[in-house]
Structure formats: C-alpha cells, structure tokens
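Asker: Just one file: entry02.pdb, with PDB, N, CA and C atoms.
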ATOM      1  N   MET A   1      29.112 -37.282 -17.415
ATOM      2  CA  MET A   1      27.816 -36.702 -17.249
ATOM      3  C   MET A   1      27.186 -36.483 -18.628
ATOM      4  N   ASP A   2      25.943 -36.703 -18.668
ATOM      5  CA  ASP A   2      25.204 -36.565 -19.916
ATOM      6  C   ASP A   2      25.196 -35.109 -20.350
ATOM      7  N   THR A   3      25.329 -34.855 -21.660
ATOM      8  CA  THR A   3      25.394 -33.471 -22.146
ATOM      9  C   THR A   3      24.074 -32.732 -21.952
ATOM     10  N   THR A   4      22.977 -33.384 -22.075
ATOM     11  CA  THR A   4      21.697 -32.713 -21.822
ATOM     12  C   THR A   4      21.561 -32.343 -20.367
ATOM     13  N   LEU A   5      21.996 -33.207 -19.482
ATOM     14  CA  LEU A   5      21.938 -32.901 -18.048
ATOM     15  C   LEU A   5      22.861 -31.736 -17.739
ATOM     16  N   LYS A   6      24.046 -31.770 -18.356
ATOM     17  CA  LYS A   6      25.006 -30.686 -18.142
ATOM     18  C   LYS A   6      24.456 -29.376 -18.708
ATOM     19  N   ASP A   7      23.881 -29.418 -19.865
ATOM     20  CA  ASP A   7      23.290 -28.206 -20.454
ATOM     21  C   ASP A   7      22.140 -27.678 -19.581
ATOM     22  N   THR A   8      21.328 -28.563 -19.042
ATOM     23  CA  THR A   8      20.215 -28.166 -18.172
ATOM     24  C   THR A   8      20.748 -27.513 -16.914
ATOM     25  N   LEU A   9      21.795 -28.097 -16.309
ATOM     26  CA  LEU A   9      22.389 -27.502 -15.110
ATOM     27  C   LEU A   9      22.992 -26.131 -15.418
ATOM     28  N   ASP A  10      23.625 -26.003 -16.563
ATOM     29  CA  ASP A  10      24.186 -24.704 -16.964
ATOM     30  C   ASP A  10      23.075 -23.669 -17.146
ATOM     31  N   GLU A  11      21.971 -24.109 -17.752
ATOM     32  CA  GLU A  11      20.835 -23.198 -17.933
ATOM     33  C   GLU A  11      20.268 -22.762 -16.573
ATOM     34  N   ILE A  12      20.174 -23.708 -15.639
ATOM     35  CA  ILE A  12      19.671 -23.395 -14.292
ATOM     36  C   ILE A  12      20.608 -22.413 -13.600
ATOM     37  N   ARG A  13      21.938 -22.674 -13.722
ATOM     38  CA  ARG A  13      22.903 -21.744 -13.112
ATOM     39  C   ARG A  13      22.767 -20.346 -13.711
ATOM     40  N   GLN A  14      22.646 -20.283 -15.040
ATOM     41  CA  GLN A  14      22.507 -18.986 -15.713
ATOM     42  C   GLN A  14      21.205 -18.290 -15.278
ATOM     43  N   ALA A  15      20.121 -19.054 -15.178
ATOM     44  CA  ALA A  15      18.843 -18.479 -14.738
ATOM     45  C   ALA A  15      18.953 -17.958 -13.304
ATOM     46  N   ALA A  16      19.611 -18.722 -12.431
ATOM     47  CA  ALA A  16      19.813 -18.296 -11.044
ATOM     48  C   ALA A  16      20.657 -17.029 -10.993
ATOM     49  N   HIS A  17      21.668 -16.962 -11.838
ATOM     50  CA  HIS A  17      22.526 -15.766 -11.906
ATOM     51  C   HIS A  17      21.710 -14.560 -12.396
ATOM     52  N   ASP A  18      20.871 -14.765 -13.410
ATOM     53  CA  ASP A  18      20.026 -13.695 -13.930
ATOM     54  C   ASP A  18      19.023 -13.222 -12.869
ATOM     55  N   ILE A  19      18.452 -14.171 -12.141
ATOM     56  CA  ILE A  19      17.503 -13.829 -11.075
ATOM     57  C   ILE A  19      18.196 -13.017  -9.991
ATOM     58  N   ALA A  20      19.411 -13.414  -9.621
ATOM     59  CA  ALA A  20      20.163 -12.675  -8.607
ATOM     60  C   ALA A  20      20.439 -11.247  -9.074
ATOM     61  N   GLY A  21      20.780 -11.071 -10.333
ATOM     62  CA  GLY A  21      21.023  -9.731 -10.887
ATOM     63  C   GLY A  21      19.759  -8.880 -10.862
ATOM     64  N   THR A  22      18.641  -9.498 -11.231
ATOM     65  CA  THR A  22      17.355  -8.794 -11.217
ATOM     66  C   THR A  22      16.986  -8.381  -9.798
ATOM     67  N   GLN A  23      17.215  -9.277  -8.839
ATOM     68  CA  GLN A  23      16.913  -8.958  -7.445
ATOM     69  C   GLN A  23      17.780  -7.809  -6.940
ATOM     70  N   GLN A  24      19.021  -7.766  -7.364
ATOM     71  CA  GLN A  24      19.891  -6.649  -6.976
ATOM     72  C   GLN A  24      19.355  -5.333  -7.537
ATOM     73  N   GLU A  25      18.908  -5.349  -8.771
ATOM     74  CA  GLU A  25      18.326  -4.136  -9.376
ATOM     75  C   GLU A  25      17.058  -3.717  -8.629
ATOM     76  N   HIS A  26      16.233  -4.691  -8.295
ATOM     77  CA  HIS A  26      15.021  -4.388  -7.526
ATOM     78  C   HIS A  26      15.371  -3.806  -6.162
ATOM     79  N   GLY A  27      16.402  -4.344  -5.538
ATOM     80  CA  GLY A  27      16.851  -3.820  -4.237
ATOM     81  C   GLY A  27      17.300  -2.371  -4.340
ATOM     82  N   LYS A  28      18.038  -2.052  -5.426
ATOM     83  CA  LYS A  28      18.479  -0.664  -5.639
ATOM     84  C   LYS A  28      17.274   0.262  -5.821
ATOM     85  N   GLN A  29      16.293  -0.195  -6.620
ATOM     86  CA  GLN A  29      15.096   0.615  -6.852
ATOM     87  C   GLN A  29      14.311   0.820  -5.551
ATOM     88  N   LEU A  30      14.197  -0.234  -4.751
ATOM     89  CA  LEU A  30      13.495  -0.113  -3.468
ATOM     90  C   LEU A  30      14.210   0.866  -2.536
ATOM     91  N   ARG A  31      15.544   0.811  -2.505
ATOM     92  CA  ARG A  31      16.310   1.763  -1.679
ATOM     93  C   ARG A  31      16.035   3.200  -2.105
ATOM     94  N   LEU A  32      16.013   3.426  -3.417
ATOM     95  CA  LEU A  32      15.716   4.775  -3.931
ATOM     96  C   LEU A  32      14.311   5.218  -3.543
ATOM     97  N   LEU A  33      13.345   4.311  -3.645
ATOM     98  CA  LEU A  33      11.975   4.643  -3.245
ATOM     99  C   LEU A  33      11.878   4.961  -1.759
ATOM    100  N   VAL A  34      12.535   4.160  -0.939
ATOM    101  CA  VAL A  34      12.513   4.389   0.511
ATOM    102  C   VAL A  34      13.167   5.726   0.853
ATOM    103  N   GLU A  35      14.279   6.040   0.201
ATOM    104  CA  GLU A  35      14.939   7.320   0.442
ATOM    105  C   GLU A  35      14.037   8.484   0.026
ATOM    106  N   GLY A  36      13.354   8.338  -1.107
ATOM    107  CA  GLY A  36      12.424   9.378  -1.565
ATOM    108  C   GLY A  36      11.273   9.567  -0.597
ATOM    109  N   GLN A  37      10.701   8.460  -0.124
ATOM    110  CA  GLN A  37       9.615   8.556   0.844
ATOM    111  C   GLN A  37      10.081   9.182   2.151
ATOM    112  N   ALA A  38      11.265   8.819   2.585
ATOM    113  CA  ALA A  38      11.803   9.404   3.814
ATOM    114  C   ALA A  38      11.984  10.907   3.648
ATOM    115  N   GLU A  39      12.430  11.342   2.489
ATOM    116  CA  GLU A  39      12.604  12.785   2.231
ATOM    117  C   GLU A  39      11.252  13.492   2.211
ATOM    118  N   ILE A  40      10.255  12.879   1.601
ATOM    119  CA  ILE A  40       8.906  13.457   1.576
ATOM    120  C   ILE A  40       8.363  13.588   2.991
ATOM    121  N   ILE A  41       8.514  12.546   3.783
ATOM    122  CA  ILE A  41       8.035  12.581   5.177
ATOM    123  C   ILE A  41       8.776  13.650   5.965
ATOM    124  N   ARG A  42      10.080  13.774   5.741
ATOM    125  CA  ARG A  42      10.861  14.791   6.446
ATOM    126  C   ARG A  42      10.371  16.190   6.085
ATOM    127  N   LEU A  43      10.076  16.404   4.805
ATOM    128  CA  LEU A  43       9.619  17.724   4.366
ATOM    129  C   LEU A  43       8.218  18.054   4.877
ATOM    130  N   LEU A  44       7.373  17.051   5.016
ATOM    131  CA  LEU A  44       6.004  17.285   5.475
ATOM    132  C   LEU A  44       5.875  17.357   6.992
ATOM    133  N   THR A  45       6.868  16.869   7.701
ATOM    134  CA  THR A  45       6.823  16.881   9.159
ATOM    135  C   THR A  45       7.322  18.221   9.665
ATOM    136  N   PRO A  46       6.501  18.935  10.510
ATOM    137  CA  PRO A  46       6.946  20.239  11.007
ATOM    138  C   PRO A  46       8.108  20.094  11.977
ATOM    139  N   GLU A  47       8.928  21.127  12.000
ATOM    140  CA  GLU A  47      10.053  21.153  12.934
ATOM    141  C   GLU A  47       9.515  21.190  14.363
ATOM    142  N   ALA A  48      10.313  20.740  15.302
ATOM    143  CA  ALA A  48       9.876  20.693  16.697
ATOM    144  C   ALA A  48       9.600  22.095  17.238
ATOM    145  N   LYS A  49      10.367  23.081  16.838
ATOM    146  CA  LYS A  49      10.200  24.449  17.336
ATOM    147  C   LYS A  49       9.626  25.366  16.261
ATOM    148  N   ASP A  50       8.836  24.837  15.358
ATOM    149  CA  ASP A  50       8.279  25.611  14.257
ATOM    150  C   ASP A  50       6.940  26.217  14.688
ATOM    151  N   GLY A  51       6.986  27.251  15.511
ATOM    152  CA  GLY A  51       5.766  27.922  15.977
ATOM    153  C   GLY A  51       5.180  27.223  17.192
ATOM    154  N   PRO A  52       4.065  27.772  17.684
ATOM    155  CA  PRO A  52       3.449  27.185  18.878
ATOM    156  C   PRO A  52       2.810  25.832  18.575
ATOM    157  N   SER A  53       2.742  25.030  19.609
ATOM    158  CA  SER A  53       2.113  23.716  19.433
ATOM    159  C   SER A  53       0.596  23.877  19.439
ATOM    160  N   LEU A  54      -0.094  22.823  19.066
ATOM    161  CA  LEU A  54      -1.554  22.846  19.044
ATOM    162  C   LEU A  54      -2.107  23.110  20.436
ATOM    163  N   ASP A  55      -1.503  22.514  21.454
ATOM    164  CA  ASP A  55      -1.952  22.742  22.830
ATOM    165  C   ASP A  55      -1.812  24.203  23.216
ATOM    166  N   GLU A  56      -0.712  24.833  22.807
ATOM    167  CA  GLU A  56      -0.509  26.246  23.122
ATOM    168  C   GLU A  56      -1.534  27.123  22.403
ATOM    169  N   LEU A  57      -1.813  26.810  21.145
ATOM    170  CA  LEU A  57      -2.812  27.576  20.403
ATOM    171  C   LEU A  57      -4.195  27.447  21.030
ATOM    172  N   ILE A  58      -4.566  26.231  21.394
ATOM    173  CA  ILE A  58      -5.876  26.013  22.027
ATOM    174  C   ILE A  58      -5.937  26.742  23.359
ATOM    175  N   GLY A  59      -4.865  26.702  24.142
ATOM    176  CA  GLY A  59      -4.828  27.417  25.416
ATOM    177  C   GLY A  59      -5.001  28.910  25.228
ATOM    178  N   HIS A  60      -4.369  29.458  24.188
ATOM    179  CA  HIS A  60      -4.490  30.886  23.902
ATOM    180  C   HIS A  60      -5.930  31.237  23.528
ATOM    181  N   VAL A  61      -6.553  30.414  22.690
ATOM    182  CA  VAL A  61      -7.943  30.655  22.285
ATOM    183  C   VAL A  61      -8.870  30.568  23.490
ATOM    184  N   VAL A  62      -8.659  29.592  24.361
ATOM    185  CA  VAL A  62      -9.489  29.455  25.557
ATOM    186  C   VAL A  62      -9.323  30.679  26.452
ATOM    187  N   GLY A  63      -8.093  31.178  26.591
ATOM    188  CA  GLY A  63      -7.859  32.387  27.383
ATOM    189  C   GLY A  63      -8.594  33.587  26.821
ATOM    190  N   GLN A  64      -8.564  33.738  25.496
ATOM    191  CA  GLN A  64      -9.279  34.854  24.876
ATOM    192  C   GLN A  64     -10.784  34.713  25.053
ATOM    193  N   LEU A  65     -11.300  33.496  24.927
ATOM    194  CA  LEU A  65     -12.732  33.278  25.141
ATOM    195  C   LEU A  65     -13.129  33.594  26.580
ATOM    196  N   ASP A  66     -12.277  33.251  27.525
ATOM    197  CA  ASP A  66     -12.547  33.560  28.923
ATOM    198  C   ASP A  66     -12.613  35.074  29.134
ATOM    199  N   GLU A  67     -11.685  35.796  28.519
ATOM    200  CA  GLU A  67     -11.680  37.255  28.632
ATOM    201  C   GLU A  67     -12.940  37.850  27.994
ATOM    202  N   LEU A  68     -13.324  37.345  26.828
ATOM    203  CA  LEU A  68     -14.529  37.834  26.165
ATOM    204  C   LEU A  68     -15.786  37.516  26.975
ATOM    205  N   THR A  69     -15.784  36.372  27.634
ATOM    206  CA  THR A  69     -16.915  36.018  28.489
ATOM    207  C   THR A  69     -17.034  37.007  29.636
ATOM    208  N   GLY A  70     -15.908  37.412  30.202
ATOM    209  CA  GLY A  70     -15.929  38.424  31.273
ATOM    210  C   GLY A  70     -16.512  39.739  30.784
ATOM    211  N   TYR A  71     -16.108  40.163  29.579
ATOM    212  CA  TYR A  71     -16.660  41.399  29.014
ATOM    213  C   TYR A  71     -18.161  41.266  28.776
ATOM    214  N   ALA A  72     -18.588  40.119  28.279
ATOM    215  CA  ALA A  72     -20.017  39.900  28.031
ATOM    216  C   ALA A  72     -20.807  39.963  29.336
ATOM    217  N   ARG A  73     -20.243  39.432  30.400
ATOM    218  CA  ARG A  73     -20.928  39.498  31.707
ATOM    219  C   ARG A  73     -21.042  40.938  32.182
ATOM    220  N   GLN A  74     -19.997  41.742  31.994
ATOM    221  CA  GLN A  74     -20.048  43.153  32.369
ATOM    222  C   GLN A  74     -21.125  43.885  31.573
ATOM    223  N   ILE A  75     -21.217  43.578  30.281
ATOM    224  CA  ILE A  75     -22.229  44.212  29.438
ATOM    225  C   ILE A  75     -23.624  43.840  29.907
ATOM    226  N   VAL A  76     -23.830  42.585  30.251
ATOM    227  CA  VAL A  76     -25.140  42.134  30.731
ATOM    228  C   VAL A  76     -25.493  42.844  32.029
ATOM    229  N   LYS A  77     -24.534  43.007  32.949
ATOM    230  CA  LYS A  77     -24.794  43.724  34.203
ATOM    231  C   LYS A  77     -25.171  45.177  33.929
ATOM    232  N   MET A  78     -24.424  45.825  33.012
ATOM    233  CA  MET A  78     -24.711  47.220  32.699
ATOM    234  C   MET A  78     -26.088  47.351  32.035
ATOM    235  N   GLN A  79     -26.452  46.435  31.165
ATOM    236  CA  GLN A  79     -27.769  46.472  30.533
ATOM    237  C   GLN A  79     -28.871  46.262  31.563
ATOM    238  N   SER A  80     -28.619  45.378  32.509
ATOM    239  CA  SER A  80     -29.604  45.132  33.560
ATOM    240  C   SER A  80     -29.818  46.387  34.400
ATOM    241  N   LYS A  81     -28.738  47.063  34.757
ATOM    242  CA  LYS A  81     -28.850  48.313  35.522
ATOM    243  C   LYS A  81     -29.582  49.370  34.707
ATOM    244  N   LEU A  82     -29.283  49.441  33.405
ATOM    245  CA  LEU A  82     -29.941  50.401  32.530
ATOM    246  C   LEU A  82     -31.438  50.123  32.465
ATOM    247  N   GLU A  83     -31.806  48.851  32.353
ATOM    248  CA  GLU A  83     -33.223  48.489  32.307
ATOM    249  C   GLU A  83     -33.930  48.872  33.596
ATOM    250  N   GLN A  84     -33.230  48.768  34.731
ATOM    251  CA  GLN A  84     -33.842  49.096  36.013
ATOM    252  C   GLN A  84     -33.928  50.605  36.228
ATOM    253  N   ASN A  85     -32.917  51.338  35.805
ATOM    254  CA  ASN A  85     -32.842  52.763  36.105
ATOM    255  C   ASN A  85     -33.460  53.653  35.039
ATOM    256  N   LEU A  86     -33.507  53.207  33.801
ATOM    257  CA  LEU A  86     -33.960  54.059  32.708
ATOM    258  C   LEU A  86     -35.385  54.573  32.887
ATOM    259  N   PRO A  87     -36.356  53.750  33.251
ATOM    260  CA  PRO A  87     -37.717  54.302  33.393
ATOM    261  C   PRO A  87     -37.782  55.430  34.431
ATOM    262  N   GLY A  88     -37.097  55.272  35.550
ATOM    263  CA  GLY A  88     -37.107  56.320  36.573
ATOM    264  C   GLY A  88     -36.391  57.572  36.094
ATOM    265  N   ASP A  89     -35.287  57.414  35.389
ATOM    266  CA  ASP A  89     -34.550  58.563  34.864
ATOM    267  C   ASP A  89     -35.395  59.336  33.857
ATOM    268  N   VAL A  90     -36.077  58.605  32.966
ATOM    269  CA  VAL A  90     -36.932  59.255  31.975
ATOM    270  C   VAL A  90     -38.072  59.994  32.664
ATOM    271  N   ALA A  91     -38.671  59.378  33.667
ATOM    272  CA  ALA A  91     -39.778  60.026  34.397
ATOM    273  C   ALA A  91     -39.300  61.291  35.084
ATOM    274  N   ARG A  92     -38.111  61.293  35.674
ATOM    275  CA  ARG A  92     -37.589  62.488  36.339
ATOM    276  C   ARG A  92     -37.325  63.612  35.339
ATOM    277  N   VAL A  93     -36.784  63.267  34.168
ATOM    278  CA  VAL A  93     -36.515  64.281  33.147
ATOM    279  C   VAL A  93     -37.816  64.886  32.643
ATOM    280  N   VAL A  94     -38.813  64.047  32.403
ATOM    281  CA  VAL A  94     -40.104  64.544  31.920
ATOM    282  C   VAL A  94     -40.758  65.415  32.985
ATOM    283  N   ALA A  95     -40.681  65.006  34.240
ATOM    284  CA  ALA A  95     -41.298  65.777  35.321
ATOM    285  C   ALA A  95     -40.581  67.105  35.532
ATOM    286  N   ALA A  96     -39.273  67.152  35.288
ATOM    287  CA  ALA A  96     -38.523  68.386  35.508
ATOM    288  C   ALA A  96     -38.865  69.423  34.451
ATOM    289  N   GLY A  97     -39.255  68.990  33.288
ATOM    290  CA  GLY A  97     -39.617  69.935  32.237
ATOM    291  C   GLY A  97     -38.444  70.273  31.354
ATOM    292  N   PRO A  98     -38.717  70.942  30.238
ATOM    293  CA  PRO A  98     -37.669  71.273  29.281
ATOM    294  C   PRO A  98     -36.718  72.338  29.825
ATOM    295  N   GLY A  99     -35.460  72.207  29.489
ATOM    296  CA  GLY A  99     -34.452  73.190  29.885
ATOM    297  C   GLY A  99     -33.986  73.057  31.318
ATOM    298  N   THR A 100     -34.516  72.141  32.076
ATOM    299  CA  THR A 100     -34.122  71.939  33.460
ATOM    300  C   THR A 100     -33.262  70.687  33.540
ATOM    301  N   ARG A 101     -32.230  70.767  34.335
ATOM    302  CA  ARG A 101     -31.367  69.597  34.502
ATOM    303  C   ARG A 101     -31.943  68.752  35.631
ATOM    304  N   ALA A 102     -32.401  67.577  35.301
ATOM    305  CA  ALA A 102     -33.022  66.695  36.303
ATOM    306  C   ALA A 102     -31.993  65.800  36.928
ATOM    307  N   ALA A 103     -32.232  65.396  38.148
ATOM    308  CA  ALA A 103     -31.357  64.450  38.830
ATOM    309  C   ALA A 103     -31.452  63.084  38.155
ATOM    310  N   VAL A 104     -30.323  62.449  37.961
ATOM    311  CA  VAL A 104     -30.280  61.160  37.297
ATOM    312  C   VAL A 104     -30.046  60.078  38.341
ATOM    313  N   ASN A 105     -30.913  59.111  38.355
ATOM    314  CA  ASN A 105     -30.742  57.956  39.219
ATOM    315  C   ASN A 105     -30.623  58.362  40.691
ATOM    316  N   GLY A 106     -31.396  59.339  41.064
ATOM    317  CA  GLY A 106     -31.404  59.743  42.461
ATOM    318  C   GLY A 106     -30.220  60.599  42.857
ATOM    319  N   SER A 107     -29.390  61.023  41.904
ATOM    320  CA  SER A 107     -28.239  61.835  42.252
ATOM    321  C   SER A 107     -28.541  63.304  42.040
ATOM    322  N   ASP A 108     -27.539  64.117  42.150
ATOM    323  CA  ASP A 108     -27.714  65.573  42.027
ATOM    324  C   ASP A 108     -27.661  66.050  40.588
ATOM    325  N   GLY A 109     -27.693  65.166  39.650
ATOM    326  CA  GLY A 109     -27.674  65.544  38.244
ATOM    327  C   GLY A 109     -26.306  65.329  37.609
ATOM    328  N   SER A 110     -25.276  65.075  38.402
ATOM    329  CA  SER A 110     -23.989  64.779  37.802
ATOM    330  C   SER A 110     -24.031  63.376  37.236
ATOM    331  N   HIS A 111     -23.223  63.143  36.283
ATOM    332  CA  HIS A 111     -23.279  61.883  35.549
ATOM    333  C   HIS A 111     -22.052  61.056  35.864
ATOM    334  N   LYS A 112     -22.223  59.820  36.290
ATOM    335  CA  LYS A 112     -21.097  58.907  36.552
ATOM    336  C   LYS A 112     -20.975  57.933  35.416
ATOM    337  N   ALA A 113     -19.752  57.701  34.982
ATOM    338  CA  ALA A 113     -19.532  56.769  33.877
ATOM    339  C   ALA A 113     -19.305  55.386  34.396
TER     340      ALA A 113
END
Can I see the file as structure tokens?

Answerer:
Amino acid sequence: MDTTLKDTLDEIRQAAHDIAGTQQEHGKQLRLLVEGQAEIIRLLTPEAKDGPSLDELIGHVVGQLDELTGYARQIVKMQSKLEQNLPGDVARVVAAGPGTRAAVNGSDGSHKA
C-alpha cells in the first residue's frame, strides 16, 4: 500500500476517533443540561396536594359571591320598605307633636327590628 494512502487512512481514523470523543463529551453535557432542566421543572411544578386546586378556589369565591348577593338583595328589600314607610312614619311623628310617642308604621309605637 502506498505510504500516502496509508497516512491518509490513518489521519481519517484519527479524525473519526477524535470526532467520537467529542460526541461523547457533547452527550455528557447534554445529559447534564437535561438533568438540570428536569430539576428546574420539578421545583417549579406544584405538588399535587399543595393547597386547594384552582377549581376549588374558584368554587369558594363563587360561593362567597352568592352569599354576598343574598345580603345585597336583603338590603335592597329593606331599603324599599324604608322608602315606602318613611314618609308615613315622619307624617305621624309630626302630627303627634313633640314629646309624644307616635305609632310607627301603623303599629302601637313599639319598634320591630
């Protein structure tokens, strides 16, 4: 075999060996990167039982809003009754005069809460 051909083949073998070594190093670096990313993802991902879920939180907020809506409706009813009864109550007090206990809302003067 010609010495130049043999030298060229040896150079190719050495280059292939060097490339294989470089690829192994790259593989090690990629494994380290993947392990690091997996650890980051694990740390950022909440535990399965780490507090209430989003659905539970939303359900709780909706329940509280429903309760507040009920209170608001009661307030509106009471304001409506006050608007209807207040003019008559004021007129009865004025007609009764000072120092006299006037009947409230058609009652005997006792006050209901």

Asker: So that I can check the secondary structure, give me every residue of chain A assigned helix (DSSP H, G or I) by backbone DSSP, as a PyMOL selection string.

Answerer: chain A and resi 3-44+54-96

Asker: If I take atom C of A:Val61 and atom CA of A:Arg73, how far is one from the other in Å, to one decimal?

Answerer: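 These two atoms are separated by 17.1 Å.
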
Asker: Could you please determine the separation between atom CA of A:Ala20 and atom C of A:Glu35 in Å, to one decimal place?

Answerer: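 Here the two named atoms are 23.7 Å from each other.
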
Asker: Could you tell me how far atom C of A:Ala48 sits from atom C of A:His60, in Å to one decimal place?

Answerer: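 Interatomic distance, atom C of A:His60 to atom C of A:Ala48: 19.1 Å.
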